[in-house]
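Q: First, the structure itself, so that you have it in front of you.
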Amino acid sequence: MEVATDRRPRRARPRRALRPSRRKVILSIALSLAFAVLATSAVAAYLYTATRTATEHVKHAKLMPADDPADGGAQDKAGGGTTDAGRAADAPLNLRLMGIDGKDLRLGRSDTLMMLHLDADRHAAYLVSFPRDLYVSIPGKGRNKINAAYALGGPQLTVRTVQDLLGIKIAHAAVVDFTGLVRLTEDLGGVTITNRYAFTSHGYNYPKGKITISGDRAMWYVRERFALPHGDLDRAANNRAVVMAVLEKGLSPGTIRNPSRFTRFAADLAASITVDDGFSAAEMRRLALSLRMSPKDVRQLQAPISGFTSVEKVGAVDLIDRPAMDGLARAVRSDDLADYTGTRRSR
């Protein structure tokens, strides 16, 4: 028996059309997201290409001591800074930088001596200069000026000398052709620095205050010491200033937004650098991409000295301020250079 019903077949409810304004909003959001993804991918690809181009131009050589292979520089935090040669972004890292005039790693004394300490979180770095007349103990060679270590035993002995001086381990070393580095000022159209003391050198005048230098004018700026009131100490400060000015302009938004200019800068910078044969291109790229800082986050300081004297058969030397040097060594080993320099900031 059939039961009567008044139900009628339910018709599909027509889909409510979006108002034109809502369609525009959704389309705008979708396009913005797509653009953001594409832009992020493009920036990542660009940076990867630039870092790859740079690292492929870097030369490799045996720079580390035989008893300190650059295989990771394994050590704990208290022992001096690195646990995995920078492979982990939570480990501090010490790199030894040696500047020479020219490309022959075997000739002469090191012209510029620095150590770069990267803190564990990669938010800050510290560029420490060692005056080349610093009177130190050179392993197996007695006491002499620190730059004599290069002449007596090459970059390997220079690394050992700094390790002994501070009681740390150096993870990697680099020799920089300072002539090539300064020539980058021409690629960048000059760099601007704040000159502390007015002086003249080889026909070039350097007034006090902000000056823009490039080419030969920049070269004599970093080489001059006799015309400066504090000699080699001022020269070391000028070296740091030019290095930082080159990096700051080379990594500035204006340079990075110009792919051809930035890639040329990165390649030319890399071409002036030789790193130890344990510092692979892949590791350099990982390290570069782990940095969370700008050149303005690089602090500059000098190894402390207490005065000057003259030593027979050695000449004029800078004397180490031992208590202050011990304080610097402890700060490097414990990754506390922010406290040491008074530059710690909340993040």
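Letters A, B, ... go to the chains of the structure tokens in the order shown; residues in each chain start at 1; ligands are counted from 1 in the same order.
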Give me, as a ChimeraX atom specification, all polymer residues having an atom no more than 10 Å from Val332 (chain A), counting only C-alpha atoms and skipping those fewer than 2 positions away in the same chain.
A: /A:77-81,92-94,117-119,126,166-168,326-330,334-338,340
Q: For a quick check of understanding, using only C-alpha atoms, which of A:Leu289, A:Ile170, A:Leu134, A:Leu188 has the smallest distance to Thr255 (chain A)?
A: A:Leu188
Q: What is the distance, in Å and to one decimal place, between CA of Lys169 (chain A) and CA of Lys59 (chain A)?
A: 22.5 Å
Q: Find the spatial neighbours of region 210-214 of chain A, counting only C-alpha atoms, within a cut-off of 10 Å - ignore same-chain residues fewer than 5 positions away - and output them as a PyMOL selection string.
A: chain A and resi 182-196+219-221+242
Q: Could you dump the residues just selected with C-alpha atoms as a PDB file, in the first residue's frame?
A:
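out.pdb written:
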ATOM      1  CA  VAL A 182      91.877  46.793  -2.275  1.00  0.00           C
ATOM      2  CA  ARG A 183      91.384  46.758  -6.044  1.00  0.00           C
ATOM      3  CA  LEU A 184      87.757  45.858  -5.333  1.00  0.00           C
ATOM      4  CA  THR A 185      87.298  49.493  -4.357  1.00  0.00           C
ATOM      5  CA  GLU A 186      87.466  50.275  -8.071  1.00  0.00           C
ATOM      6  CA  ASP A 187      84.774  47.678  -8.894  1.00  0.00           C
ATOM      7  CA  LEU A 188      82.553  49.335  -6.293  1.00  0.00           C
ATOM      8  CA  GLY A 189      83.141  52.861  -7.526  1.00  0.00           C
ATOM      9  CA  GLY A 190      85.035  53.774  -4.355  1.00  0.00           C
ATOM     10  CA  VAL A 191      84.312  53.171  -0.677  1.00  0.00           C
ATOM     11  CA  THR A 192      83.688  55.735   2.044  1.00  0.00           C
ATOM     12  CA  ILE A 193      85.476  55.560   5.380  1.00  0.00           C
ATOM     13  CA  THR A 194      85.963  57.820   8.389  1.00  0.00           C
ATOM     14  CA  ASN A 195      89.630  58.799   8.497  1.00  0.00           C
ATOM     15  CA  ARG A 196      90.842  59.513  12.038  1.00  0.00           C
ATOM     16  CA  MET A 219      96.217  51.065  -1.646  1.00  0.00           C
ATOM     17  CA  TRP A 220      98.497  53.682  -0.078  1.00  0.00           C
ATOM     18  CA  TYR A 221      95.910  54.380   2.580  1.00  0.00           C
ATOM     19  CA  VAL A 242      88.880  49.453   4.361  1.00  0.00           C
TER      20      VAL A 242
END
Q: Write out as a PyMOL selection string each polymer residue whose atoms come within 10 Å of Thr200 (chain A), counting only C-alpha atoms; drop sequence neighbours fewer than 4 positions from it.
A: chain A and resi 204-207+220-221+224+227-228
Q: Residues as selected, C-alpha atoms, written as a PDB file, in the first residue's frame, can you do that?
A:
ATOM      1  CA  TYR A 204      97.783  61.369  -1.977  1.00  0.00           C
ATOM      2  CA  ASN A 205      96.165  63.522   0.690  1.00  0.00           C
ATOM      3  CA  TYR A 206      93.852  61.980   3.278  1.00  0.00           C
ATOM      4  CA  PRO A 207      92.026  64.666   5.264  1.00  0.00           C
ATOM      5  CA  TRP A 220      98.497  53.682  -0.078  1.00  0.00           C
ATOM      6  CA  TYR A 221      95.910  54.380   2.580  1.00  0.00           C
ATOM      7  CA  GLU A 224     101.060  53.800   5.123  1.00  0.00           C
ATOM      8  CA  ALA A 227     102.976  59.183   8.529  1.00  0.00           C
ATOM      9  CA  LEU A 228     100.522  58.093  11.232  1.00  0.00           C
TER      10      LEU A 228
END
